[in-house]
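Participant: Below is the file final13.pdb, with PDB, C-alpha atoms.
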```
ATOM      1  CA  MET N   1      -3.090 -17.344  23.771
ATOM      2  CA  PHE N   2      -4.292 -15.333  20.773
ATOM      3  CA  ASN N   3      -5.549 -16.044  17.253
ATOM      4  CA  ALA N   4      -3.209 -15.513  14.327
ATOM      5  CA  ILE N   5      -2.494 -16.540  10.751
ATOM      6  CA  VAL N   6       0.752 -18.526  10.860
ATOM      7  CA  ILE N   7       2.929 -19.415   7.876
ATOM      8  CA  ASP N   8       5.377 -22.278   8.329
ATOM      9  CA  LYS N   9       7.669 -24.225   6.059
ATOM     10  CA  ASN N  10       9.274 -27.661   6.068
ATOM     11  CA  ASP N  11      10.629 -30.162   3.554
ATOM     12  CA  ASP N  12       7.118 -30.718   2.202
ATOM     13  CA  GLY N  13       6.614 -27.020   1.437
ATOM     14  CA  GLN N  14       4.742 -24.094   2.950
ATOM     15  CA  SER N  15       1.686 -24.314   5.188
ATOM     16  CA  VAL N  16      -0.704 -21.562   6.280
ATOM     17  CA  GLU N  17      -3.332 -21.822   9.003
ATOM     18  CA  LEU N  18      -5.411 -19.838  11.446
ATOM     19  CA  THR N  19      -4.291 -21.053  14.853
ATOM     20  CA  GLN N  20      -3.668 -20.019  18.448
ATOM     21  CA  VAL N  21      -0.282 -18.679  19.503
ATOM     22  CA  ASP N  22       1.180 -18.268  22.984
ATOM     23  CA  GLU N  23       2.001 -14.641  23.849
ATOM     24  CA  ALA N  24       5.273 -15.889  25.316
ATOM     25  CA  SER N  25       6.348 -16.688  21.732
ATOM     26  CA  LEU N  26       6.083 -13.079  20.548
ATOM     27  CA  PRO N  27       9.342 -11.604  19.204
ATOM     28  CA  GLU N  28      11.299  -8.868  20.926
ATOM     29  CA  GLY N  29       9.997  -5.320  20.990
ATOM     30  CA  ASP N  30       9.332  -2.487  23.426
ATOM     31  CA  VAL N  31       5.616  -2.027  22.707
ATOM     32  CA  LEU N  32       2.903  -4.665  23.189
ATOM     33  CA  ILE N  33      -0.225  -3.939  21.144
ATOM     34  CA  ASP N  34      -3.752  -5.285  21.234
ATOM     35  CA  VAL N  35      -4.525  -5.288  17.533
ATOM     36  CA  ALA N  36      -7.957  -4.103  16.394
ATOM     37  CA  TYR N  37      -7.593  -4.263  12.612
ATOM     38  CA  SER N  38      -5.093  -5.309   9.990
ATOM     39  CA  THR N  39      -5.294  -5.397   6.196
ATOM     40  CA  LEU N  40      -4.398  -7.511   3.207
ATOM     41  CA  ASN N  41      -1.855  -6.082   0.775
ATOM     42  CA  PHE N  42      -0.238  -7.496  -2.345
ATOM     43  CA  LYS N  43       2.828  -8.405  -0.313
ATOM     44  CA  ASP N  44       0.640 -10.287   2.164
ATOM     45  CA  GLY N  45      -0.806 -12.182  -0.779
ATOM     46  CA  LEU N  46       2.696 -13.125  -1.899
ATOM     47  CA  ALA N  47       3.589 -14.271   1.615
ATOM     48  CA  ILE N  48       0.446 -16.303   2.282
ATOM     49  CA  THR N  49       0.393 -18.032  -1.102
ATOM     50  CA  GLY N  50       4.151 -18.512  -1.252
ATOM     51  CA  SER N  51       4.143 -16.950  -4.743
ATOM     52  CA  SER N  52       7.325 -15.056  -3.920
ATOM     53  CA  PRO N  53       9.888 -15.639  -1.153
ATOM     54  CA  VAL N  54       9.051 -12.469   0.781
ATOM     55  CA  VAL N  55       8.964 -14.303   4.136
ATOM     56  CA  ARG N  56      12.493 -14.421   5.509
ATOM     57  CA  SER N  57      12.037 -16.586   8.606
ATOM     58  CA  PHE N  58       9.588 -19.226   9.786
ATOM     59  CA  PRO N  59       7.205 -19.524  11.471
ATOM     60  CA  MET N  60       5.859 -16.108  10.464
ATOM     61  CA  ILE N  61       2.689 -14.162  11.197
ATOM     62  CA  PRO N  62       2.055 -12.104   8.035
ATOM     63  CA  GLY N  63       0.463  -8.676   7.863
ATOM     64  CA  ILE N  64       2.472  -5.554   6.996
ATOM     65  CA  ASP N  65      -0.161  -3.263   8.576
ATOM     66  CA  LEU N  66      -1.945  -3.000  11.896
ATOM     67  CA  ALA N  67      -3.808  -0.535  14.052
ATOM     68  CA  GLY N  68      -4.499  -1.046  17.734
ATOM     69  CA  THR N  69      -4.056   0.023  21.323
ATOM     70  CA  VAL N  70      -0.856  -0.073  23.340
ATOM     71  CA  ARG N  71      -1.159  -2.482  26.262
ATOM     72  CA  GLU N  72       2.402  -2.193  27.582
ATOM     73  CA  SER N  73       5.316   0.042  26.574
ATOM     74  CA  SER N  74       8.860   0.810  27.608
ATOM     75  CA  HIS N  75       9.302   3.207  24.662
ATOM     76  CA  VAL N  76       9.471   6.888  25.542
ATOM     77  CA  ASP N  77       6.901   7.945  22.913
ATOM     78  CA  TYR N  78       4.098   5.533  23.829
ATOM     79  CA  LYS N  79       2.120   4.556  26.901
ATOM     80  CA  ALA N  80      -0.695   2.152  27.668
ATOM     81  CA  GLY N  81      -3.920   3.260  26.010
ATOM     82  CA  ASP N  82      -2.306   5.050  23.054
ATOM     83  CA  LYS N  83      -3.723   4.298  19.594
ATOM     84  CA  VAL N  84      -1.021   3.440  17.071
ATOM     85  CA  VAL N  85      -0.510   2.463  13.431
ATOM     86  CA  LEU N  86       2.177   0.261  11.895
ATOM     87  CA  ASN N  87       3.132   0.204   8.201
ATOM     88  CA  GLY N  88       6.073  -1.748   6.806
ATOM     89  CA  TRP N  89       9.517  -1.966   8.463
ATOM     90  CA  GLY N  90       9.768  -5.623   7.392
ATOM     91  CA  VAL N  91       6.897  -6.629   9.657
ATOM     92  CA  GLY N  92       5.141  -9.674   8.233
ATOM     93  CA  GLU N  93       8.389 -10.611   6.456
ATOM     94  CA  ALA N  94      11.137 -10.759   9.097
ATOM     95  CA  HIS N  95       9.138  -9.836  12.229
ATOM     96  CA  TRP N  96       5.711 -11.160  13.242
ATOM     97  CA  GLY N  97       2.998  -8.953  11.793
ATOM     98  CA  GLY N  98      -0.554  -7.714  12.018
ATOM     99  CA  LEU N  99      -2.746 -10.669  11.044
ATOM    100  CA  ALA N 100      -3.092 -11.523  14.711
ATOM    101  CA  GLN N 101      -4.865 -10.287  17.825
ATOM    102  CA  VAL N 102      -1.617  -9.282  19.570
ATOM    103  CA  ALA N 103       1.722  -7.923  18.350
ATOM    104  CA  ARG N 104       4.994  -6.900  19.965
ATOM    105  CA  LEU N 105       6.908  -4.287  17.966
ATOM    106  CA  LYS N 106       9.603  -1.646  18.182
ATOM    107  CA  GLY N 107       8.177   1.727  19.123
ATOM    108  CA  ASP N 108      10.388   3.440  16.536
ATOM    109  CA  TRP N 109       8.309   1.694  13.847
ATOM    110  CA  LEU N 110       5.014   3.137  15.053
ATOM    111  CA  VAL N 111       3.048   6.280  14.248
ATOM    112  CA  GLY N 112       0.359   7.662  16.500
ATOM    113  CA  LEU N 113      -3.121   7.166  15.038
ATOM    114  CA  PRO N 114      -4.158  10.497  13.454
ATOM    115  CA  LYS N 115      -7.188  12.017  15.193
ATOM    116  CA  ALA N 116      -8.997  12.208  11.846
ATOM    117  CA  PHE N 117      -9.294   8.409  11.698
ATOM    118  CA  ASP N 118     -10.361   5.513  13.859
ATOM    119  CA  GLU N 119      -8.487   2.207  13.739
ATOM    120  CA  LYS N 120     -10.718   0.702  11.068
ATOM    121  CA  GLN N 121     -10.391   3.767   8.840
ATOM    122  CA  ALA N 122      -6.616   3.732   9.294
ATOM    123  CA  MET N 123      -6.564   0.190   7.975
ATOM    124  CA  ALA N 124      -8.870   1.062   5.091
ATOM    125  CA  ILE N 125      -5.949   3.332   4.209
ATOM    126  CA  GLY N 126      -3.144   0.988   5.295
ATOM    127  CA  THR N 127       0.231   0.747   3.610
ATOM    128  CA  ALA N 128      -1.444   1.084   0.217
ATOM    129  CA  GLY N 129      -3.000   4.441   1.083
ATOM    130  CA  TYR N 130       0.074   5.629   2.932
ATOM    131  CA  THR N 131       2.165   4.719  -0.138
ATOM    132  CA  ALA N 132      -0.267   6.656  -2.324
ATOM    133  CA  ALA N 133       0.276   9.690  -0.100
ATOM    134  CA  LEU N 134       4.059   9.270  -0.395
ATOM    135  CA  CYS N 135       3.665   9.247  -4.189
ATOM    136  CA  VAL N 136       1.519  12.375  -4.246
ATOM    137  CA  ASP N 137       3.982  14.090  -1.893
ATOM    138  CA  ALA N 138       6.827  13.104  -4.239
ATOM    139  CA  LEU N 139       5.078  14.637  -7.272
ATOM    140  CA  VAL N 140       4.099  17.807  -5.432
ATOM    141  CA  ASP N 141       7.560  18.210  -3.897
ATOM    142  CA  HIS N 142       9.039  17.818  -7.388
ATOM    143  CA  GLY N 143       6.941  20.766  -8.517
ATOM    144  CA  VAL N 144       4.077  19.103 -10.386
ATOM    145  CA  THR N 145       1.024  21.383 -10.207
ATOM    146  CA  PRO N 146      -2.589  21.015 -11.392
ATOM    147  CA  ASP N 147      -2.232  23.686 -14.101
ATOM    148  CA  GLN N 148       0.421  21.572 -15.865
ATOM    149  CA  GLY N 149      -2.081  18.942 -16.993
ATOM    150  CA  GLU N 150      -3.382  15.481 -16.207
ATOM    151  CA  VAL N 151      -1.857  13.036 -13.767
ATOM    152  CA  LEU N 152      -2.065   9.344 -14.637
ATOM    153  CA  VAL N 153      -2.676   6.661 -12.015
ATOM    154  CA  THR N 154      -1.957   3.079 -13.081
ATOM    155  CA  GLY N 155      -3.432   0.054 -11.347
ATOM    156  CA  ALA N 156      -6.269   2.387 -10.504
ATOM    157  CA  THR N 157      -8.641  -0.069  -8.812
ATOM    158  CA  GLY N 158      -5.966  -1.332  -6.428
ATOM    159  CA  GLY N 159      -5.377   0.018  -2.955
ATOM    160  CA  VAL N 160      -2.605   2.443  -3.921
ATOM    161  CA  GLY N 161      -4.387   3.570  -7.068
ATOM    162  CA  SER N 162      -7.731   4.104  -5.361
ATOM    163  CA  VAL N 163      -6.334   6.342  -2.636
ATOM    164  CA  ALA N 164      -4.000   8.142  -5.053
ATOM    165  CA  ILE N 165      -6.977   9.163  -7.191
ATOM    166  CA  ALA N 166      -8.821  10.559  -4.177
ATOM    167  CA  LEU N 167      -5.769  12.452  -2.894
ATOM    168  CA  LEU N 168      -4.868  13.892  -6.295
ATOM    169  CA  LYS N 169      -8.430  15.063  -6.850
ATOM    170  CA  ALA N 170      -8.462  16.717  -3.421
ATOM    171  CA  ALA N 171      -5.214  18.496  -4.351
ATOM    172  CA  GLY N 172      -6.861  19.921  -7.463
ATOM    173  CA  PHE N 173      -5.437  17.635 -10.145
ATOM    174  CA  THR N 174      -7.210  16.256 -13.200
ATOM    175  CA  VAL N 175      -6.833  12.484 -12.939
ATOM    176  CA  ALA N 176      -6.750   9.746 -15.580
ATOM    177  CA  ALA N 177      -7.207   6.201 -14.268
ATOM    178  CA  LEU N 178      -5.582   3.257 -16.052
ATOM    179  CA  THR N 179      -7.343  -0.049 -15.394
ATOM    180  CA  GLY N 180      -8.054  -3.445 -16.883
ATOM    181  CA  LYS N 181     -11.483  -3.421 -15.253
ATOM    182  CA  PRO N 182     -13.754  -1.175 -17.354
ATOM    183  CA  ASP N 183     -16.779  -2.284 -15.319
ATOM    184  CA  GLU N 184     -15.273  -0.392 -12.358
ATOM    185  CA  ALA N 185     -15.519   2.975 -14.119
ATOM    186  CA  ASP N 186     -18.258   4.251 -11.799
ATOM    187  CA  TYR N 187     -16.171   3.297  -8.755
ATOM    188  CA  LEU N 188     -13.133   5.163 -10.118
ATOM    189  CA  LYS N 189     -15.115   8.238 -11.120
ATOM    190  CA  GLY N 190     -16.671   8.247  -7.666
ATOM    191  CA  LEU N 191     -13.165   8.539  -6.218
ATOM    192  CA  GLY N 192     -12.343  11.462  -8.497
ATOM    193  CA  ALA N 193     -11.091  10.045 -11.809
ATOM    194  CA  ASP N 194     -11.932  12.341 -14.728
ATOM    195  CA  ARG N 195     -11.453   9.697 -17.403
ATOM    196  CA  ILE N 196     -10.772   5.977 -17.679
ATOM    197  CA  ILE N 197      -8.084   4.425 -19.894
ATOM    198  CA  ASP N 198      -7.855   0.763 -20.867
ATOM    199  CA  ARG N 199      -4.788  -0.895 -19.377
ATOM    200  CA  ALA N 200      -4.104  -2.586 -22.731
ATOM    201  CA  GLU N 201      -3.171   0.767 -24.245
ATOM    202  CA  MET N 202       0.012   0.889 -22.147
ATOM    203  CA  GLY N 203       0.715  -2.737 -21.369
ATOM    204  CA  GLU N 204       2.849  -3.601 -24.394
ATOM    205  CA  LYS N 205       6.166  -2.368 -25.789
ATOM    206  CA  GLY N 206       5.880   1.189 -27.118
ATOM    207  CA  LYS N 207       8.071   3.804 -28.768
ATOM    208  CA  PRO N 208      10.907   5.339 -26.732
ATOM    209  CA  LEU N 209       9.239   8.764 -26.984
ATOM    210  CA  GLN N 210       5.484   9.185 -27.345
ATOM    211  CA  ARG N 211       3.026  12.064 -27.353
ATOM    212  CA  GLU N 212       3.488  14.275 -24.278
ATOM    213  CA  THR N 213       0.393  13.608 -22.201
ATOM    214  CA  TRP N 214       1.012  13.519 -18.435
ATOM    215  CA  ALA N 215       2.239  16.182 -16.057
ATOM    216  CA  GLY N 216       2.854  13.386 -13.554
ATOM    217  CA  VAL N 217       2.256   9.709 -12.998
ATOM    218  CA  VAL N 218       1.658   7.442 -10.018
ATOM    219  CA  ASP N 219       2.716   3.996 -11.213
ATOM    220  CA  THR N 220       2.056   0.707  -9.434
ATOM    221  CA  ALA N 221       2.754  -1.574 -12.406
ATOM    222  CA  GLY N 222       6.371  -1.359 -13.526
ATOM    223  CA  SER N 223       7.473  -3.105 -16.755
ATOM    224  CA  PHE N 224       5.998  -1.872 -20.068
ATOM    225  CA  THR N 225       3.375   0.250 -18.318
ATOM    226  CA  LEU N 226       6.028   2.255 -16.501
ATOM    227  CA  ALA N 227       8.182   2.512 -19.632
ATOM    228  CA  ASN N 228       5.250   3.886 -21.640
ATOM    229  CA  ALA N 229       4.276   6.247 -18.822
ATOM    230  CA  CYS N 230       7.776   7.741 -18.872
ATOM    231  CA  ALA N 231       7.671   8.018 -22.676
ATOM    232  CA  GLN N 232       4.357   9.925 -22.449
ATOM    233  CA  THR N 233       5.279  12.294 -19.620
ATOM    234  CA  LYS N 234       5.538  15.974 -20.494
ATOM    235  CA  TYR N 235       8.749  17.965 -20.481
ATOM    236  CA  GLY N 236       9.936  18.416 -16.886
ATOM    237  CA  GLY N 237       7.291  16.088 -15.518
ATOM    238  CA  ALA N 238       7.741  13.302 -13.008
ATOM    239  CA  VAL N 239       6.770   9.670 -12.520
ATOM    240  CA  ALA N 240       6.438   8.292  -8.987
ATOM    241  CA  ALA N 241       7.055   4.539  -9.161
ATOM    242  CA  CYS N 242       6.037   2.390  -6.211
ATOM    243  CA  GLY N 243       4.934  -1.008  -7.541
ATOM    244  CA  LEU N 244       5.613  -3.940  -9.826
ATOM    245  CA  ALA N 245       2.210  -5.494 -10.476
ATOM    246  CA  GLN N 246       3.061  -6.046 -14.149
ATOM    247  CA  GLY N 247       6.733  -6.813 -13.528
ATOM    248  CA  PHE N 248       9.963  -5.610 -11.956
ATOM    249  CA  ASP N 249      11.648  -5.014 -15.307
ATOM    250  CA  LEU N 250      11.892  -1.595 -16.951
ATOM    251  CA  PRO N 251      12.163  -2.050 -20.754
ATOM    252  CA  ALA N 252      12.757   1.631 -21.442
ATOM    253  CA  THR N 253      15.346   3.989 -22.903
ATOM    254  CA  VAL N 254      17.007   7.063 -21.459
ATOM    255  CA  MET N 255      15.334   9.298 -24.057
ATOM    256  CA  PRO N 256      12.484  10.669 -21.872
ATOM    257  CA  PHE N 257      14.988  11.555 -19.177
ATOM    258  CA  ILE N 258      17.632  13.279 -21.307
ATOM    259  CA  LEU N 259      15.420  14.792 -24.042
ATOM    260  CA  ARG N 260      12.433  15.863 -21.937
ATOM    261  CA  GLY N 261      13.950  16.147 -18.477
ATOM    262  CA  VAL N 262      11.493  13.615 -17.076
ATOM    263  CA  SER N 263      12.249  12.480 -13.523
ATOM    264  CA  LEU N 264      11.637   8.942 -12.296
ATOM    265  CA  LEU N 265      11.003   9.122  -8.542
ATOM    266  CA  GLY N 266      11.358   5.878  -6.621
ATOM    267  CA  VAL N 267       8.916   5.661  -3.708
ATOM    268  CA  ASP N 268       9.635   3.213  -0.874
ATOM    269  CA  SER N 269       7.103   2.766   1.894
ATOM    270  CA  VAL N 270       8.796  -0.001   3.891
ATOM    271  CA  MET N 271      11.820   1.821   5.287
ATOM    272  CA  ALA N 272      10.701   5.428   4.784
ATOM    273  CA  PRO N 273      11.925   7.637   7.650
ATOM    274  CA  LYS N 274       9.428   8.838  10.217
ATOM    275  CA  ALA N 275       9.356  12.411   8.918
ATOM    276  CA  LYS N 276       8.093  11.215   5.524
ATOM    277  CA  ARG N 277       5.566   8.929   7.214
ATOM    278  CA  LEU N 278       4.173  11.741   9.326
ATOM    279  CA  LYS N 279       3.955  14.026   6.287
ATOM    280  CA  ALA N 280       2.091  11.332   4.332
ATOM    281  CA  TRP N 281      -0.360  10.706   7.182
ATOM    282  CA  ASP N 282      -0.865  14.469   7.513
ATOM    283  CA  ARG N 283      -1.883  14.587   3.838
ATOM    284  CA  LEU N 284      -4.254  11.675   4.351
ATOM    285  CA  ALA N 285      -5.824  13.295   7.409
ATOM    286  CA  ARG N 286      -6.188  16.636   5.618
ATOM    287  CA  ASP N 287      -7.279  15.559   2.125
ATOM    288  CA  LEU N 288      -8.862  12.112   2.244
ATOM    289  CA  ASP N 289     -12.627  12.208   2.612
ATOM    290  CA  THR N 290     -13.514   9.463   5.084
ATOM    291  CA  ALA N 291     -16.641   8.829   2.993
ATOM    292  CA  ALA N 292     -14.322   7.594   0.226
ATOM    293  CA  LEU N 293     -13.074   4.911   2.585
ATOM    294  CA  GLU N 294     -16.527   3.365   2.569
ATOM    295  CA  SER N 295     -16.198   2.530  -1.118
ATOM    296  CA  ILE N 296     -12.482   1.694  -0.981
ATOM    297  CA  GLY N 297     -12.618  -0.667   2.019
ATOM    298  CA  GLN N 298     -14.187  -4.111   2.295
ATOM    299  CA  ASP N 299     -14.445  -5.931   5.615
ATOM    300  CA  ILE N 300     -13.329  -9.515   6.208
ATOM    301  CA  SER N 301     -12.641 -11.607   9.292
ATOM    302  CA  LEU N 302      -9.303 -13.156  10.223
ATOM    303  CA  SER N 303     -10.668 -16.552   9.181
ATOM    304  CA  GLU N 304     -11.284 -15.218   5.654
ATOM    305  CA  ALA N 305      -7.808 -13.758   5.222
ATOM    306  CA  VAL N 306      -6.112 -16.784   3.633
ATOM    307  CA  ASP N 307      -8.746 -17.300   0.932
ATOM    308  CA  THR N 308      -8.892 -13.578   0.202
ATOM    309  CA  ALA N 309      -5.094 -13.407  -0.124
ATOM    310  CA  LYS N 310      -5.300 -15.962  -2.919
ATOM    311  CA  LYS N 311      -7.608 -13.599  -4.824
ATOM    312  CA  PHE N 312      -4.844 -11.004  -4.877
ATOM    313  CA  MET N 313      -2.765 -13.338  -6.974
ATOM    314  CA  SER N 314      -5.549 -13.847  -9.517
ATOM    315  CA  GLY N 315      -6.456 -10.153  -9.856
ATOM    316  CA  GLU N 316      -9.903 -10.558  -8.321
ATOM    317  CA  VAL N 317      -9.640  -7.675  -5.870
ATOM    318  CA  ARG N 318     -10.676  -4.033  -5.781
ATOM    319  CA  GLY N 319      -9.674  -1.404  -3.261
ATOM    320  CA  ARG N 320      -8.702  -2.381   0.267
ATOM    321  CA  TYR N 321      -9.459  -5.395   2.450
ATOM    322  CA  ILE N 322      -9.789  -4.576   6.150
ATOM    323  CA  VAL N 323      -9.255  -7.514   8.483
ATOM    324  CA  ASP N 324     -11.092  -7.517  11.801
ATOM    325  CA  VAL N 325      -8.687  -9.727  13.739
ATOM    326  CA  ASN N 326     -11.183 -10.199  16.548
ATOM    327  CA  ALA N 327     -14.068 -11.371  14.329
TER     328      ALA N 327
END
```
As structure tokens - that is how I would like this structure written.
Facilitator:
Amino acid sequence: MFNAIVIDKNDDGQSVELTQVDEASLPEGDVLIDVAYSTLNFKDGLAITGSSPVVRSFPMIPGIDLAGTVRESSHVDYKAGDKVVLNGWGVGEAHWGGLAQVARLKGDWLVGLPKAFDEKQAMAIGTAGYTAALCVDALVDHGVTPDQGEVLVTGATGGVGSVAIALLKAAGFTVAALTGKPDEADYLKGLGADRIIDRAEMGEKGKPLQRETWAGVVDTAGSFTLANACAQTKYGGAVAACGLAQGFDLPATVMPFILRGVSLLGVDSVMAPKAKRLKAWDRLARDLDTAALESIGQDISLSEAVDTAKKFMSGEVRGRYIVDVNA
């Protein structure tokens, strides 16, 4: 038996509880993992609160991230004792996830824990940080360089935004942080933000083309924020879009794309191929100061996960929440 957060659903609605689960109930997979740490992400908040139908089968153990030690493996790439990381692949939605002490997964979904990090640090990064690295890679691969001007990060105090600021700063970029939390300015500047912008400035409908301001953008918001970011991006610049915190709509025009050659780069972290994952984790290992993780990450126990997930839905969070599943 092991401890886990379990979501279930019946005619009376959804239930969520911390309970014990029999290992014999674990789903199929070729790697059995003793989990050390998991995290809470926005998607976990949606799953636990039932705010959006992200869970596709019940009962479900949520948690799209985990880091731990292989106990048993029939996969060619992993053996007992190996440290591994899991991000995405529908885990916590269609396959039991990381908010538990034990997990059984497909080895093809795993990445070896980079030597630069321990398990707790890897979860301070988590899918949010790994997504941030994918976004920075997308901008750099597109050709965005520090000499071209500022890069904007929206949703700056969130997990993706926080790590994106640190990675961009390490890569030499000047970073502007968009946030609705002006009292977090010191936190953002500590990560590497050069200036702070009020979220309200970009949260409403704007003109199809606006003053050219950004060489690149990492956007976690969608909706009007993304539309305005595209309208403000410089000629030939790029916007890496990875989130929908404001909304999944895009009330924009084609004008930035056909008159300024702006590129909108979609960034998916869930099904990204292994080569992209390894490249993103290489960037994190090379450029992310582990000291920054101390300010980005906050520790909670498995028993605190449900209440903390509810805070995600009310915008009461900052940075990353690391879940010690054995606490």
Participant: Nearest to Lys311 (chain N) among N:Gly126, N:Pro114, N:Gly13, N:Gly45, with distances taken over only C-alpha atoms: which residue is it?
Facilitator: N:Gly45
Participant: For region 83-97 of chain N, I'd like the enclosing box, axis-aligned and padded by 6 Å on every side, reported as lines of an AutoDock Vina configuration file with centre and edge lengths in Å to one decimal.
Facilitator:
```
center_x = 3.7
center_y = -3.4
center_z = 13.0
size_x = 26.9
size_y = 27.5
size_z = 25.1
```
Participant: The PyMOL selection byres ((chain N and resi 211) around 8) on the file shown: which residues, as an mmCIF file with C-alpha atoms, in the frame of the given file?
Facilitator:
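Done, and the output landed in out_12.cif:
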```
data_model
loop_
_atom_site.group_PDB
_atom_site.id
_atom_site.type_symbol
_atom_site.label_atom_id
_atom_site.label_comp_id
_atom_site.auth_asym_id
_atom_site.auth_seq_id
_atom_site.Cartn_x
_atom_site.Cartn_y
_atom_site.Cartn_z
ATOM 1 C CA LEU N 209 9.239 8.764 -26.984
ATOM 2 C CA GLN N 210 5.484 9.185 -27.345
ATOM 3 C CA GLU N 212 3.488 14.275 -24.278
ATOM 4 C CA THR N 213 0.393 13.608 -22.201
ATOM 5 C CA ALA N 231 7.671 8.018 -22.676
ATOM 6 C CA GLN N 232 4.357 9.925 -22.449
#
```
Participant: Taking into account all atoms listed in the file, which residue in the set N:Leu66, N:Val111, N:Leu46, N:Met123 is nearest to Lys274 (chain N)?
Facilitator: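 The closest residue to Lys274 (chain N) is N:Val111.
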Participant: From the list N:Leu86, N:Ala103, N:Val306, N:Val262, which residue is nearest Asp22 (chain N) when using all atoms listed in the file?
Facilitator: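 For Asp22 (chain N), the nearest of the given residues is N:Ala103.
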Participant: Which is closer to Arg260 (chain N) than all the others in N:Lys234, N:Lys120, N:Leu278, N:Trp214, using only C-alpha atoms?
Facilitator: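 Of N:Lys234, N:Lys120, N:Leu278, N:Trp214, the one nearest Arg260 (chain N), counting only C-alpha atoms, is N:Lys234.
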Participant: Could you list, as a compact mmCIF listing (two decimals) with C-alpha atoms, in the frame of the given file, every residue matched by the PyMOL selection byres ((chain N and resi 243) around 9) in this structure?
Facilitator:
```txt
# COMPACT_ATOMS: atom_id res chain seq x y z
CA ASP N 219 2.72 4.00 -11.21
CA THR N 220 2.06 0.71 -9.43
CA ALA N 221 2.75 -1.57 -12.41
CA GLY N 222 6.37 -1.36 -13.53
CA ALA N 241 7.06 4.54 -9.16
CA CYS N 242 6.04 2.39 -6.21
CA LEU N 244 5.61 -3.94 -9.83
CA ALA N 245 2.21 -5.49 -10.48
CA GLN N 246 3.06 -6.05 -14.15
CA GLY N 247 6.73 -6.81 -13.53
CA PHE N 248 9.96 -5.61 -11.96
CA VAL N 267 8.92 5.66 -3.71
```
Participant: Please evaluate the PyMOL selection byres ((chain N and resi 82-85) around 8) against the structure above and give the resulting residues as a ChimeraX atom specification.
Facilitator: /N:65-70,78-81,86-87,110-113,119,122
Participant: Output C-alpha atoms of each residue in that selection to a file, as a PDB file, in the frame of the given file.
Facilitator:
```pdb
ATOM      1  CA  ASP N  65      -0.161  -3.263   8.576  1.00  0.00           C
ATOM      2  CA  LEU N  66      -1.945  -3.000  11.896  1.00  0.00           C
ATOM      3  CA  ALA N  67      -3.808  -0.535  14.052  1.00  0.00           C
ATOM      4  CA  GLY N  68      -4.499  -1.046  17.734  1.00  0.00           C
ATOM      5  CA  THR N  69      -4.056   0.023  21.323  1.00  0.00           C
ATOM      6  CA  VAL N  70      -0.856  -0.073  23.340  1.00  0.00           C
ATOM      7  CA  TYR N  78       4.098   5.533  23.829  1.00  0.00           C
ATOM      8  CA  LYS N  79       2.120   4.556  26.901  1.00  0.00           C
ATOM      9  CA  ALA N  80      -0.695   2.152  27.668  1.00  0.00           C
ATOM     10  CA  GLY N  81      -3.920   3.260  26.010  1.00  0.00           C
ATOM     11  CA  LEU N  86       2.177   0.261  11.895  1.00  0.00           C
ATOM     12  CA  ASN N  87       3.132   0.204   8.201  1.00  0.00           C
ATOM     13  CA  LEU N 110       5.014   3.137  15.053  1.00  0.00           C
ATOM     14  CA  VAL N 111       3.048   6.280  14.248  1.00  0.00           C
ATOM     15  CA  GLY N 112       0.359   7.662  16.500  1.00  0.00           C
ATOM     16  CA  LEU N 113      -3.121   7.166  15.038  1.00  0.00           C
ATOM     17  CA  GLU N 119      -8.487   2.207  13.739  1.00  0.00           C
ATOM     18  CA  ALA N 122      -6.616   3.732   9.294  1.00  0.00           C
TER      19      ALA N 122
END
```
Participant: Is there a way to get, as a list in words, all residues within 9 Å of the point (5.9, -4.5, 5.4) in file coordinates, counting all atoms listed in the file?
Facilitator: Lys43, Asp44, Pro62, Gly63, Ile64, Asp65, Leu86, Asn87, Gly88, Trp89, Gly90, Val91, Gly92, Glu93, Ala94, Gly97, Thr127, Ser269, Val270 and Met271 of chain N
